[in-house]
>>> print(open('input_7.cif').read())   # mmCIF, C-alpha atoms
data_my_file
loop_
_atom_site.label_atom_id
_atom_site.label_comp_id
_atom_site.auth_asym_id
_atom_site.auth_seq_id
_atom_site.Cartn_x
_atom_site.Cartn_y
_atom_site.Cartn_z
CA MET F 13 139.04 -175.53 85.33
CA GLU F 14 140.33 -172.56 83.33
CA PRO F 15 139.26 -169.05 84.32
CA VAL F 16 136.39 -167.49 82.38
CA SER F 17 136.99 -164.25 80.51
CA PRO F 18 134.72 -161.41 81.70
CA THR F 19 133.73 -160.80 78.06
CA ALA F 20 132.99 -164.43 77.27
CA GLU F 21 129.48 -165.65 76.36
CA PRO F 22 127.60 -166.02 79.70
CA ALA F 23 127.46 -169.80 79.89
CA VAL F 24 128.28 -171.98 76.95
CA THR F 25 129.19 -174.97 79.07
CA ASP F 26 127.37 -176.78 81.83
CA LEU F 27 127.71 -175.71 85.43
CA GLU F 28 128.16 -179.30 86.59
CA LEU F 29 126.66 -178.60 90.00
CA SER F 30 127.47 -181.26 92.52
CA ALA F 31 124.60 -183.17 94.07
CA ASP F 32 125.40 -181.65 97.48
CA ILE F 33 125.31 -178.05 96.19
CA ALA F 34 122.14 -178.65 94.17
CA ALA F 35 120.42 -180.18 97.22
CA ALA F 36 121.52 -177.30 99.46
CA LEU F 37 120.15 -174.75 97.00
CA ARG F 38 116.84 -176.60 96.59
CA ASN F 39 116.37 -176.73 100.36
CA LEU F 40 116.86 -172.96 100.46
CA LEU F 41 114.09 -172.17 97.98
CA PRO F 42 111.01 -171.78 100.27
CA MET F 43 112.81 -169.38 102.60
CA LEU F 44 114.47 -167.62 99.67
CA ALA F 45 111.13 -167.04 97.93
CA GLU F 46 109.61 -165.46 101.05
CA ARG F 47 112.62 -163.19 101.56
CA THR F 48 112.63 -162.16 97.90
CA VAL F 49 108.95 -161.18 98.01
CA ALA F 50 109.44 -159.29 101.28
CA THR F 51 112.39 -157.39 99.80
CA VAL F 52 110.37 -156.39 96.75
CA MET F 53 107.52 -155.08 98.92
CA ASN F 54 109.99 -153.17 101.07
CA GLU F 55 112.07 -151.59 98.30
CA VAL F 56 109.61 -151.04 95.43
CA PRO F 57 106.95 -148.51 96.54
CA GLU F 58 104.32 -149.73 94.05
CA TYR F 59 104.36 -153.15 95.72
CA ALA F 60 104.28 -152.01 99.35
CA GLY F 61 101.71 -154.11 101.19
CA THR F 62 100.58 -155.80 97.97
CA PHE F 63 101.57 -159.41 98.62
CA ASN F 64 100.19 -159.97 102.10
CA GLY F 65 97.99 -162.86 103.20
CA GLU F 66 96.81 -165.47 100.71
CA ILE F 67 98.07 -163.61 97.66
CA GLY F 68 101.49 -163.32 99.30
CA ALA F 69 101.64 -167.09 99.72
CA LYS F 70 100.73 -167.57 96.05
CA ILE F 71 103.38 -165.13 94.89
CA SER F 72 106.01 -166.76 97.11
CA GLY F 73 105.05 -170.12 95.64
CA ALA F 74 105.40 -168.72 92.11
CA VAL F 75 108.83 -167.29 92.92
CA GLU F 76 109.88 -170.62 94.40
CA MET F 77 108.79 -172.46 91.25
CA ALA F 78 110.69 -169.97 89.07
CA LEU F 79 113.85 -170.49 91.11
CA LEU F 80 113.43 -174.24 90.96
CA GLY F 81 113.11 -173.97 87.21
CA PHE F 82 116.37 -172.06 87.17
CA LEU F 83 118.17 -174.75 89.13
CA LYS F 84 116.92 -177.35 86.66
CA LEU F 85 118.18 -175.23 83.79
CA ALA F 86 121.50 -174.46 85.43
CA SER F 87 123.06 -177.70 84.21
CA ARG F 88 121.82 -177.29 80.64
CA PRO F 89 123.95 -175.69 77.90
CA TRP F 90 123.18 -172.20 76.56
CA PRO F 91 121.11 -171.22 74.64
CA TRP F 92 117.99 -172.45 76.40
CA ARG F 93 115.10 -173.42 74.17
CA SER F 94 111.68 -172.38 75.40
CA ASP F 95 109.84 -175.46 74.17
CA ALA F 96 107.58 -177.69 76.20
CA GLY F 97 110.44 -180.11 76.79
CA THR F 98 112.39 -177.73 79.03
CA PRO F 99 111.49 -175.93 82.28
CA LEU F 100 112.01 -172.57 80.54
CA GLY F 101 108.78 -172.81 78.54
CA PRO F 102 106.40 -172.88 81.56
CA ALA F 103 108.54 -170.27 83.33
CA LEU F 104 108.23 -167.88 80.40
CA ASP F 105 104.49 -168.52 80.16
CA ALA F 106 104.11 -167.71 83.85
CA ALA F 107 106.21 -164.54 83.46
CA TYR F 108 104.10 -163.45 80.48
CA ALA F 109 100.91 -164.00 82.49
CA LEU F 110 102.43 -162.02 85.37
CA GLY F 111 103.07 -159.06 83.06
CA ARG F 112 99.46 -159.10 81.84
CA GLY F 113 98.19 -159.26 85.41
CA GLU F 114 100.34 -156.32 86.47
CA ALA F 115 98.98 -154.26 83.56
CA ARG F 116 95.42 -155.05 84.64
CA SER F 117 96.32 -154.03 88.19
CA GLY F 118 97.43 -150.62 86.93
CA ARG F 119 101.11 -151.00 87.80
CA SER F 120 103.60 -149.67 85.29
CA VAL F 121 106.20 -151.68 83.43
CA ASP F 122 108.87 -149.65 85.28
CA ALA F 123 107.53 -150.93 88.58
CA LEU F 124 107.52 -154.47 87.22
CA LEU F 125 111.14 -154.24 86.06
CA ALA F 126 112.17 -152.69 89.37
CA ALA F 127 110.61 -155.68 91.14
CA TYR F 128 112.64 -158.02 88.94
CA ARG F 129 115.87 -156.15 89.65
CA VAL F 130 115.32 -156.03 93.39
CA GLY F 131 114.13 -159.63 93.50
CA ALA F 132 117.09 -160.90 91.47
CA ARG F 133 119.53 -159.11 93.72
CA ALA F 134 117.92 -160.50 96.87
CA ALA F 135 117.74 -164.03 95.45
CA TRP F 136 121.34 -164.00 94.23
CA ARG F 137 122.63 -162.78 97.58
CA GLU F 138 121.12 -165.79 99.35
CA LEU F 139 121.98 -168.30 96.62
CA ALA F 140 125.60 -167.16 96.48
CA TYR F 141 125.97 -167.41 100.25
CA VAL F 142 124.65 -170.99 100.35
CA ALA F 143 126.59 -172.04 97.24
CA ALA F 144 129.83 -170.69 98.68
CA ALA F 145 129.17 -172.38 102.01
CA ALA F 146 128.57 -175.65 100.16
CA GLY F 147 131.96 -175.39 98.46
CA MET F 148 131.18 -173.99 95.00
CA GLN F 149 134.35 -172.97 93.20
CA VAL F 150 134.93 -169.34 92.20
CA VAL F 151 134.84 -170.02 88.44
CA THR F 152 131.63 -172.01 88.80
CA MET F 153 130.18 -169.22 90.95
CA ALA F 154 130.87 -166.72 88.15
CA ARG F 155 129.11 -168.93 85.60
CA PHE F 156 126.29 -169.44 88.09
CA ALA F 157 125.84 -165.64 88.40
CA ASP F 158 125.85 -165.21 84.61
CA LEU F 159 123.15 -167.82 84.20
CA MET F 160 121.11 -166.44 87.08
CA PHE F 161 120.86 -162.96 85.61
CA ALA F 162 120.43 -164.25 82.05
CA TYR F 163 117.46 -166.26 83.36
CA ILE F 164 116.01 -163.17 85.04
CA ASP F 165 116.45 -161.22 81.80
CA GLU F 166 114.47 -163.90 79.95
CA LEU F 167 111.67 -163.78 82.53
CA SER F 168 111.52 -160.00 82.70
CA ALA F 169 111.42 -159.74 78.89
CA ALA F 170 108.47 -162.16 78.85
CA SER F 171 106.70 -160.11 81.52
CA VAL F 172 107.26 -156.88 79.60
CA ALA F 173 105.77 -158.54 76.51
CA GLY F 174 102.72 -159.61 78.52
CA HIS F 175 102.35 -156.15 80.03
CA THR F 176 102.59 -154.49 76.59
CA ASP F 177 100.16 -156.92 74.97
CA GLU F 178 97.60 -156.44 77.75
CA LEU F 179 97.74 -152.67 77.49
CA SER F 180 97.48 -152.71 73.73
CA ARG F 181 94.48 -155.04 73.94
CA THR F 182 92.62 -153.49 76.86
CA GLY F 183 94.01 -149.96 76.99
CA ARG F 184 92.18 -148.67 73.95
CA VAL F 185 88.98 -150.45 74.95
CA ARG F 186 89.09 -149.05 78.48
CA GLU F 187 89.89 -145.57 77.17
CA ARG F 188 86.76 -145.70 75.04
CA TYR F 189 84.70 -146.90 78.00
CA LEU F 190 86.02 -143.99 80.07
CA GLU F 191 85.07 -141.56 77.32
CA LEU F 192 81.55 -143.02 77.21
CA LEU F 193 81.29 -142.66 80.98
CA GLY F 194 82.30 -139.02 80.68
CA GLN F 195 79.68 -138.42 78.01
CA HIS F 196 77.01 -140.04 80.18
CA LEU F 197 78.00 -137.75 83.05
CA LEU F 198 77.78 -134.64 80.89
CA THR F 199 74.35 -135.55 79.56
CA GLY F 200 72.96 -136.25 83.05
CA ALA F 201 72.28 -139.96 82.50
CA ALA F 202 70.32 -141.95 85.09
CA SER F 203 72.18 -143.35 88.09
CA ASP F 204 71.87 -146.98 86.96
CA VAL F 205 73.39 -146.06 83.59
CA LEU F 206 76.27 -144.27 85.31
CA VAL F 207 76.98 -147.14 87.69
CA ALA F 208 77.00 -149.64 84.84
CA ALA F 209 79.29 -147.41 82.76
CA ALA F 210 81.72 -146.98 85.67
CA GLU F 211 81.86 -150.74 86.24
CA ARG F 212 82.38 -151.44 82.54
CA ALA F 213 85.28 -148.97 82.48
CA ASN F 214 86.74 -150.45 85.68
CA TRP F 215 86.63 -146.92 87.13
CA PRO F 216 86.36 -146.64 90.94
CA ALA F 217 83.67 -144.03 91.56
CA PRO F 218 84.90 -141.13 93.77
CA THR F 219 82.84 -139.08 96.18
CA THR F 220 82.94 -135.93 94.03
CA LEU F 221 83.97 -134.74 90.60
CA THR F 222 85.19 -131.27 89.66
CA ALA F 223 84.93 -130.06 86.06
CA VAL F 224 87.97 -128.27 84.64
CA LEU F 225 87.87 -126.60 81.22
CA LEU F 226 91.21 -125.76 79.64
CA PRO F 227 92.82 -125.32 76.22
CA LEU F 228 93.48 -128.58 74.40
CA GLU F 229 97.19 -127.79 74.22
CA ASN F 230 97.43 -127.81 78.03
CA VAL F 231 95.71 -131.16 78.60
CA ARG F 232 98.82 -133.34 78.53
CA THR F 233 100.73 -131.43 81.20
CA ALA F 234 97.62 -130.81 83.31
CA THR F 235 96.72 -134.51 83.29
CA SER F 236 100.08 -135.37 84.82
CA LEU F 237 99.34 -133.03 87.75
CA VAL F 238 95.82 -134.13 88.71
CA PRO F 239 94.78 -137.26 90.67
CA ALA F 240 94.59 -140.69 89.11
CA GLY F 241 91.13 -141.56 87.89
CA THR F 242 90.61 -138.18 86.23
CA LEU F 243 88.35 -138.46 83.19
CA ARG F 244 89.44 -136.67 80.00
CA LEU F 245 87.14 -135.55 77.21
CA ARG F 246 88.59 -133.79 74.19
CA GLU F 247 85.68 -133.78 71.75
CA GLU F 248 81.90 -133.64 71.56
CA LEU F 249 81.60 -131.33 74.57
CA PRO F 250 77.96 -130.21 74.89
CA ASP F 251 77.35 -126.45 74.74
CA LEU F 252 80.91 -125.95 73.44
CA GLU F 253 80.53 -127.08 69.85
CA ASP F 254 81.97 -123.72 68.76
CA SER F 255 85.18 -124.31 70.76
CA PRO F 256 86.87 -127.44 69.37
CA GLU F 257 90.18 -126.47 71.00
CA THR F 258 88.71 -126.79 74.51
CA ALA F 259 89.10 -129.95 76.59
CA LEU F 260 87.53 -131.13 79.84
CA LEU F 261 88.94 -132.88 82.89
CA LEU F 262 86.64 -134.39 85.52
CA VAL F 263 88.87 -134.49 88.58
CA PRO F 264 87.94 -136.85 91.44
CA ASP F 265 87.73 -135.85 95.11
CA SER F 266 89.01 -132.28 94.87
CA ALA F 267 86.86 -130.52 97.46
CA GLY F 268 88.06 -128.51 100.48
CA PRO F 269 91.85 -128.41 100.87
CA GLU F 270 92.23 -130.56 97.76
CA ARG F 271 90.43 -127.86 95.76
CA ARG F 272 92.92 -125.24 96.87
CA HIS F 273 95.73 -127.55 95.83
CA LEU F 274 94.04 -128.14 92.46
CA LEU F 275 93.72 -124.39 91.85
CA ARG F 276 97.39 -123.84 92.70
CA THR F 277 98.41 -126.73 90.46
CA LEU F 278 96.49 -125.40 87.46
CA ALA F 279 97.48 -121.75 87.92
CA GLY F 280 98.67 -120.18 84.70
CA ARG F 281 97.14 -122.87 82.47
CA HIS F 282 94.01 -120.92 81.44
CA ALA F 283 91.88 -123.40 83.38
CA ILE F 284 88.30 -122.80 84.51
CA VAL F 285 87.58 -124.84 87.64
CA GLY F 286 83.97 -125.66 88.44
CA PRO F 287 82.62 -126.60 91.88
CA ALA F 288 83.00 -130.07 93.39
CA ARG F 289 79.77 -132.03 93.01
CA PRO F 290 78.69 -135.61 93.91
CA TRP F 291 80.14 -137.66 91.08
CA MET F 292 76.78 -138.45 89.49
CA GLN F 293 76.06 -134.69 89.35
CA ALA F 294 79.26 -133.80 87.46
CA ARG F 295 77.11 -132.16 84.78
CA SER F 296 76.30 -129.38 87.27
CA SER F 297 80.00 -128.63 87.75
CA TYR F 298 80.56 -128.71 83.99
CA LEU F 299 77.71 -126.28 83.25
CA ARG F 300 79.03 -123.88 85.91
CA ALA F 301 82.44 -123.91 84.20
CA VAL F 302 80.82 -123.33 80.78
CA GLN F 303 78.78 -120.41 82.12
CA THR F 304 81.84 -118.84 83.71
CA ARG F 305 83.74 -119.20 80.44
CA ARG F 306 81.10 -117.02 78.78
CA LEU F 307 81.48 -114.16 81.25
CA GLU F 308 83.19 -111.03 80.00
CA LEU F 309 86.18 -111.14 82.32
CA PRO F 310 89.63 -109.52 82.06
CA MET F 311 92.17 -111.47 80.03
CA ALA F 312 94.56 -111.38 82.97
CA ASP F 313 92.05 -113.35 85.05
CA ARG F 314 91.60 -115.90 82.29
CA ALA F 315 95.34 -116.40 81.89
CA THR F 316 95.93 -117.20 85.55
CA GLY F 317 92.84 -119.41 85.77
CA LEU F 318 89.25 -118.96 86.94
CA ASP F 319 87.72 -120.33 90.12
CA THR F 320 84.01 -120.35 89.32
CA GLU F 321 83.20 -119.89 93.00
CA GLN F 322 84.66 -116.40 92.84
CA TYR F 323 82.12 -115.32 90.19
CA LEU F 324 78.81 -116.47 91.65
CA ALA F 325 77.25 -112.99 91.64
CA GLU F 326 78.16 -112.47 87.99
CA LEU F 327 76.77 -115.91 87.13
CA VAL F 328 73.48 -115.26 88.91
CA LEU F 329 73.07 -111.88 87.25
CA GLY F 330 73.81 -113.34 83.85
CA ALA F 331 71.62 -116.43 84.22
CA ASP F 332 68.67 -114.83 82.37
CA PRO F 333 69.93 -111.86 80.32
CA ASP F 334 66.46 -110.90 79.10
CA ALA F 335 64.98 -110.85 82.60
CA LEU F 336 67.94 -108.82 83.85
CA ALA F 337 67.50 -106.30 81.03
CA ASP F 338 63.80 -105.92 81.84
CA LEU F 339 64.55 -105.52 85.56
CA ARG F 340 67.20 -102.92 84.82
CA ALA F 341 64.84 -100.93 82.60
CA GLN F 342 62.11 -101.08 85.24
CA ALA F 343 64.28 -100.22 88.24
CA LEU F 344 66.17 -97.42 86.48
CA ALA F 345 63.14 -95.91 84.77
CA PRO F 346 63.55 -92.56 86.66
CA LEU F 347 66.90 -92.08 84.83
CA ALA F 348 65.48 -92.77 81.38
CA GLY F 349 64.83 -89.11 80.57
CA LEU F 350 68.41 -87.99 81.21
CA ARG F 351 71.26 -87.73 78.75
CA PRO F 352 73.16 -91.07 78.58
CA GLU F 353 76.31 -89.60 80.19
CA ALA F 354 74.36 -88.12 83.08
CA ALA F 355 72.33 -91.31 83.57
CA GLU F 356 75.53 -93.38 83.75
CA ARG F 357 77.13 -91.08 86.34
CA LEU F 358 74.04 -91.14 88.56
CA ALA F 359 73.61 -94.89 88.18
CA ARG F 360 77.20 -95.52 89.25
CA THR F 361 76.82 -93.14 92.18
CA LEU F 362 73.59 -94.83 93.26
CA ARG F 363 75.22 -98.26 93.10
CA SER F 364 78.16 -97.17 95.23
CA TRP F 365 75.81 -95.44 97.66
CA LEU F 366 73.75 -98.59 98.14
CA LEU F 367 76.78 -100.86 98.48
CA HIS F 368 78.48 -98.55 100.98
CA GLN F 369 75.23 -98.06 102.90
CA GLY F 370 75.23 -94.30 102.45
CA ARG F 371 78.75 -93.61 103.81
CA ARG F 372 79.55 -90.51 101.76
CA ASP F 373 83.33 -90.54 102.21
CA ASP F 374 83.52 -94.20 101.16
CA VAL F 375 81.43 -93.47 98.10
CA ALA F 376 83.66 -90.51 97.19
CA ALA F 377 86.79 -92.70 97.52
CA ASP F 378 85.19 -95.42 95.42
CA LEU F 379 84.28 -92.99 92.63
CA PHE F 380 87.39 -90.81 92.92
CA VAL F 381 85.27 -87.67 93.37
CA HIS F 382 84.82 -85.07 96.12
CA ALA F 383 82.33 -85.76 98.91
CA GLN F 384 80.41 -82.63 97.87
CA THR F 385 79.99 -84.15 94.41
CA VAL F 386 78.44 -87.21 96.04
CA ARG F 387 76.09 -84.97 98.06
CA TYR F 388 75.00 -83.13 94.90
CA ARG F 389 74.40 -86.32 92.90
CA MET F 390 72.42 -87.94 95.72
CA SER F 391 70.20 -84.86 95.89
CA GLN F 392 69.46 -85.35 92.19
CA LEU F 393 68.73 -89.03 92.71
CA ARG F 394 66.33 -88.33 95.60
CA GLU F 395 64.46 -85.91 93.40
CA LEU F 396 64.21 -88.50 90.61
CA PHE F 397 63.33 -91.55 92.74
CA GLY F 398 61.47 -89.86 95.59
CA ASP F 399 60.39 -92.20 98.40
CA GLN F 400 61.32 -95.30 96.37
CA LEU F 401 64.86 -95.17 97.82
CA GLN F 402 63.33 -95.95 101.21
CA ASP F 403 61.42 -99.00 99.91
CA PRO F 404 63.31 -102.30 100.59
CA ALA F 405 61.82 -103.99 97.51
CA THR F 406 62.95 -101.14 95.28
CA VAL F 407 66.40 -101.11 96.87
CA LEU F 408 66.75 -104.86 96.17
CA LYS F 409 65.82 -104.34 92.53
CA LEU F 410 68.28 -101.47 92.23
CA ILE F 411 71.13 -103.50 93.72
CA ILE F 412 70.47 -106.32 91.24
CA ALA F 413 70.00 -103.92 88.32
CA LEU F 414 73.23 -102.11 89.18
CA GLY F 415 75.19 -105.29 89.82
CA PRO F 416 78.48 -106.29 88.13
CA ALA F 417 76.87 -106.59 84.69
CA GLY F 418 75.68 -103.02 84.94
CA ASP F 419 79.03 -101.44 85.76
CA THR F 420 80.07 -98.48 83.61
CA PRO F 421 83.43 -96.69 83.39
CA SER F 422 81.83 -93.32 84.03
CA ARG F 423 82.54 -91.52 87.29
#
>>> encode(input="input_7.cif", output="structure tokens")
Amino acid sequence: MEPVSPTAEPAVTDLELSADIAAALRNLLPMLAERTVATVMNEVPEYAGTFNGEIGAKISGAVEMALLGFLKLASRPWPWRSDAGTPLGPALDAAYALGRGEARSGRSVDALLAAYRVGARAAWRELAYVAAAAGMQVVTMARFADLMFAYIDELSAASVAGHTDELSRTGRVRERYLELLGQHLLTGAASDVLVAAAERANWPAPTTLTAVLLPLENVRTATSLVPAGTLRLREELPDLEDSPETALLLVPDSAGPERRHLLRTLAGRHAIVGPARPWMQARSSYLRAVQTRRLELPMADRATGLDTEQYLAELVLGADPDALADLRAQALAPLAGLRPEAAERLARTLRSWLLHQGRRDDVAADLFVHAQTVRYRMSQLRELFGDQLQDPATVLKLIIALGPAGDTPSR
């Protein structure tokens, strides 16, 4: 035989495998299939531990049948025709079905192609060793390698087509189901409705969900940083109809240490992170994030991100603005007859006095005034309030009335 040029068409002529070599290769197939599957599981992380037990036996059998199909094709001239009269047709059908199944399992096309590459390398290593031991000539071995990897290319292309077709068919449908599930969660739907929606969307229910509000422009990058299974809603957000540029993520199982990691991950993305809640109560986390978004907070805080758990006092005080206004008017009635500037100074002094439990030096440091100024102002306040400053119920009302929402810049 004449040597084959490295740039020649892979295999225009037959391999003309001898009966002895063909028999030796066929006898190798069961062991070769098992080793190929084991190599894929060992070297491709997405497949680690996937093909154990009964499913492993089925996959090994499928690999063995694919390799047997290759041996049958090896003596046929190129190009192969994928009609029902050749072994390539069923092999391509099986590869296409494999691609669809991998898409349904959630594995990426990159993982699938990596499995093909690793599997082809492992299979060729064993086939070449046996073929050489059986006396295959070097030129024939080169043609054999060309055909082997051309065959794998055909199979992998069919699998990619199946993977793509499955995603295009089911991806949009599942995305819509996930959006409907998110809407049900935000409207507080009944548990049976939520369970049915989760099953329809093929969404494994987590223990908790954490609502995250963030600008629409940051959704793409944020989504790549949060756990798989995160629900995304980018329109029709209840109570936020006036903010069409706001999106929502419902992040699974982000309580405890995972919450701290989530906050670090989203830092600087203008995110508002609600509390972790049992997944069917995600609406509670969402409403907390919405309420925090409405607080009048410094822009610097908003830019770095807001942990709603750091603003519980402000949220409580702002829960019923009308009731808070009435309480403030009632509790601070003794100051009503003063000039506004004087009333503000005394109110701020009284707040600091209550919070620092009467420690004059601490109050002076807090207000940036002299301790004697604190003494003078407290004398005024005692004259105005009288014995009410000794009444626990009055003190409670004053603390609430003078809370964060009542802060003034006056000293």
>>> atom_distance(input="input_7.cif", atom1="atom CA of Tyr323 of chain F", atom2="atom CA of Val285 of chain F")
11.3 Å
>>> atom_distance(input="input_7.cif", atom1="atom CA of Ala209 of chain F", atom2="atom CA of Val231 of chain F")
23.5 Å
>>> residues_around(input="input_7.cif", residues="segment 366-376 of chain F", least_positions_apart="5", cutoff="12 Å", atoms="only C-alpha atoms", output="list in words")
Ala359, Arg360, Thr361, Val381, His382, Ala383, Gln384, Thr385, Val386, Arg387, Tyr388, Arg389, Met390, Leu401, Gln402, Pro404, Thr406, Val407, Leu408, Lys409, Leu410, Ile411, Ile412, Ala413, Leu414, Gly415, Pro416 and Arg423 of chain F
>>> closest_residue(input="input_7.cif", among="F:Ala217, F:Leu318, F:Ala31, F:Ala343", to="Ala146 of chain F", atoms="all atoms listed in the file")
F:Ala31
>>> closest_atom_pairs(input="input_7.cif", of="segment 155-219 of chain F", to="segment 257-263 of chain F", cutoff="12 Å", atoms="all atoms listed in the file", output="tab-separated table")
residue	atom	partner	partner_atom	distance
F:Leu190	CA	F:Leu262	CA	11.1
F:Glu191	CA	F:Leu262	CA	11.0
F:Leu193	CA	F:Leu262	CA	10.8
F:Gly194	CA	F:Leu262	CA	8.0
F:Gln195	CA	F:Leu260	CA	10.9
F:Leu197	CA	F:Leu262	CA	9.6
F:Leu198	CA	F:Leu262	CA	10.0
F:Ala217	CA	F:Val263	CA	11.3
F:Pro218	CA	F:Val263	CA	9.3
F:Thr219	CA	F:Val263	CA	10.7
>>> closest_residue(input="input_7.cif", among="F:Arg363, F:Arg212, F:His196, F:Arg351", to="Met292 of chain F", atoms="only C-alpha atoms")
F:His196
>>> residues_around(input="input_7.cif", residues="Ala127 of chain F", least_positions_apart="3", cutoff="12 Å", atoms="all atoms listed in the file", output="mmCIF file with C-alpha atoms, in the frame of the given file")
data_model
loop_
_atom_site.group_PDB
_atom_site.id
_atom_site.type_symbol
_atom_site.label_atom_id
_atom_site.label_comp_id
_atom_site.auth_asym_id
_atom_site.auth_seq_id
_atom_site.Cartn_x
_atom_site.Cartn_y
_atom_site.Cartn_z
ATOM 1 C CA THR F 48 112.630 -162.160 97.900
ATOM 2 C CA VAL F 49 108.950 -161.180 98.010
ATOM 3 C CA ALA F 50 109.440 -159.290 101.280
ATOM 4 C CA THR F 51 112.390 -157.390 99.800
ATOM 5 C CA VAL F 52 110.370 -156.390 96.750
ATOM 6 C CA MET F 53 107.520 -155.080 98.920
ATOM 7 C CA ASN F 54 109.990 -153.170 101.070
ATOM 8 C CA GLU F 55 112.070 -151.590 98.300
ATOM 9 C CA VAL F 56 109.610 -151.040 95.430
ATOM 10 C CA PRO F 57 106.950 -148.510 96.540
ATOM 11 C CA GLU F 58 104.320 -149.730 94.050
ATOM 12 C CA TYR F 59 104.360 -153.150 95.720
ATOM 13 C CA ALA F 60 104.280 -152.010 99.350
ATOM 14 C CA VAL F 75 108.830 -167.290 92.920
ATOM 15 C CA LEU F 110 102.430 -162.020 85.370
ATOM 16 C CA GLY F 111 103.070 -159.060 83.060
ATOM 17 C CA GLU F 114 100.340 -156.320 86.470
ATOM 18 C CA ARG F 119 101.110 -151.000 87.800
ATOM 19 C CA SER F 120 103.600 -149.670 85.290
ATOM 20 C CA VAL F 121 106.200 -151.680 83.430
ATOM 21 C CA ASP F 122 108.870 -149.650 85.280
ATOM 22 C CA ALA F 123 107.530 -150.930 88.580
ATOM 23 C CA LEU F 124 107.520 -154.470 87.220
ATOM 24 C CA VAL F 130 115.320 -156.030 93.390
ATOM 25 C CA GLY F 131 114.130 -159.630 93.500
ATOM 26 C CA ALA F 132 117.090 -160.900 91.470
ATOM 27 C CA ARG F 133 119.530 -159.110 93.720
ATOM 28 C CA ALA F 134 117.920 -160.500 96.870
ATOM 29 C CA ALA F 135 117.740 -164.030 95.450
ATOM 30 C CA ILE F 164 116.010 -163.170 85.040
ATOM 31 C CA LEU F 167 111.670 -163.780 82.530
ATOM 32 C CA SER F 168 111.520 -160.000 82.700
ATOM 33 C CA SER F 171 106.700 -160.110 81.520
#
>>> atom_distance(input="input_7.cif", atom1="atom CA of Gly61 of chain F", atom2="atom CA of Ala115 of chain F")
17.8 Å
>>> closest_residue(input="input_7.cif", among="F:Asp254, F:Asp265, F:Glu326, F:Glu308", to="Gly241 of chain F", atoms="all atoms listed in the file")
F:Asp265
>>> closest_residue(input="input_7.cif", among="F:Ala213, F:Gln322, F:Arg112, F:Phe82", to="Phe161 of chain F", atoms="all atoms listed in the file")
F:Phe82
>>> decode(input="input_7.cif", residues="segment 275-284 of chain F", atoms="N, CA, C and O atoms", output="PDB file, in the first residue's frame")
ATOM      1  N   LEU F 275     -24.946  38.584  49.794  1.00  0.00           N
ATOM      2  CA  LEU F 275     -24.775  40.028  49.956  1.00  0.00           C
ATOM      3  C   LEU F 275     -23.424  40.482  49.400  1.00  0.00           C
ATOM      4  O   LEU F 275     -23.323  41.525  48.749  1.00  0.00           O
ATOM      5  N   ARG F 276     -22.381  39.696  49.666  1.00  0.00           N
ATOM      6  CA  ARG F 276     -21.058  40.047  49.126  1.00  0.00           C
ATOM      7  C   ARG F 276     -21.074  39.977  47.602  1.00  0.00           C
ATOM      8  O   ARG F 276     -20.509  40.834  46.912  1.00  0.00           O
ATOM      9  N   THR F 277     -21.728  38.966  47.072  1.00  0.00           N
ATOM     10  CA  THR F 277     -21.764  38.771  45.624  1.00  0.00           C
ATOM     11  C   THR F 277     -22.460  39.924  44.908  1.00  0.00           C
ATOM     12  O   THR F 277     -22.026  40.361  43.835  1.00  0.00           O
ATOM     13  N   LEU F 278     -23.530  40.447  45.532  1.00  0.00           N
ATOM     14  CA  LEU F 278     -24.326  41.488  44.893  1.00  0.00           C
ATOM     15  C   LEU F 278     -23.884  42.896  45.262  1.00  0.00           C
ATOM     16  O   LEU F 278     -24.503  43.873  44.832  1.00  0.00           O
ATOM     17  N   ALA F 279     -22.831  43.023  46.053  1.00  0.00           N
ATOM     18  CA  ALA F 279     -22.364  44.346  46.477  1.00  0.00           C
ATOM     19  C   ALA F 279     -22.040  45.202  45.259  1.00  0.00           C
ATOM     20  O   ALA F 279     -21.402  44.753  44.304  1.00  0.00           O
ATOM     21  N   GLY F 280     -22.486  46.449  45.306  1.00  0.00           N
ATOM     22  CA  GLY F 280     -22.212  47.376  44.228  1.00  0.00           C
ATOM     23  C   GLY F 280     -23.148  47.272  43.045  1.00  0.00           C
ATOM     24  O   GLY F 280     -22.951  47.957  42.037  1.00  0.00           O
ATOM     25  N   ARG F 281     -24.195  46.441  43.139  1.00  0.00           N
ATOM     26  CA  ARG F 281     -25.116  46.267  42.016  1.00  0.00           C
ATOM     27  C   ARG F 281     -26.482  46.894  42.284  1.00  0.00           C
ATOM     28  O   ARG F 281     -27.458  46.551  41.628  1.00  0.00           O
ATOM     29  N   HIS F 282     -26.550  47.770  43.286  1.00  0.00           N
ATOM     30  CA  HIS F 282     -27.799  48.469  43.624  1.00  0.00           C
ATOM     31  C   HIS F 282     -28.913  47.476  43.977  1.00  0.00           C
ATOM     32  O   HIS F 282     -30.086  47.726  43.690  1.00  0.00           O
ATOM     33  N   ALA F 283     -28.542  46.370  44.590  1.00  0.00           N
ATOM     34  CA  ALA F 283     -29.523  45.341  44.927  1.00  0.00           C
ATOM     35  C   ALA F 283     -30.141  45.615  46.292  1.00  0.00           C
ATOM     36  O   ALA F 283     -29.497  46.167  47.190  1.00  0.00           O
ATOM     37  N   ILE F 284     -31.395  45.217  46.448  1.00  0.00           N
ATOM     38  CA  ILE F 284     -32.089  45.259  47.732  1.00  0.00           C
ATOM     39  C   ILE F 284     -32.455  43.825  48.069  1.00  0.00           C
ATOM     40  O   ILE F 284     -33.246  43.193  47.365  1.00  0.00           O
TER      41      ILE F 284
END
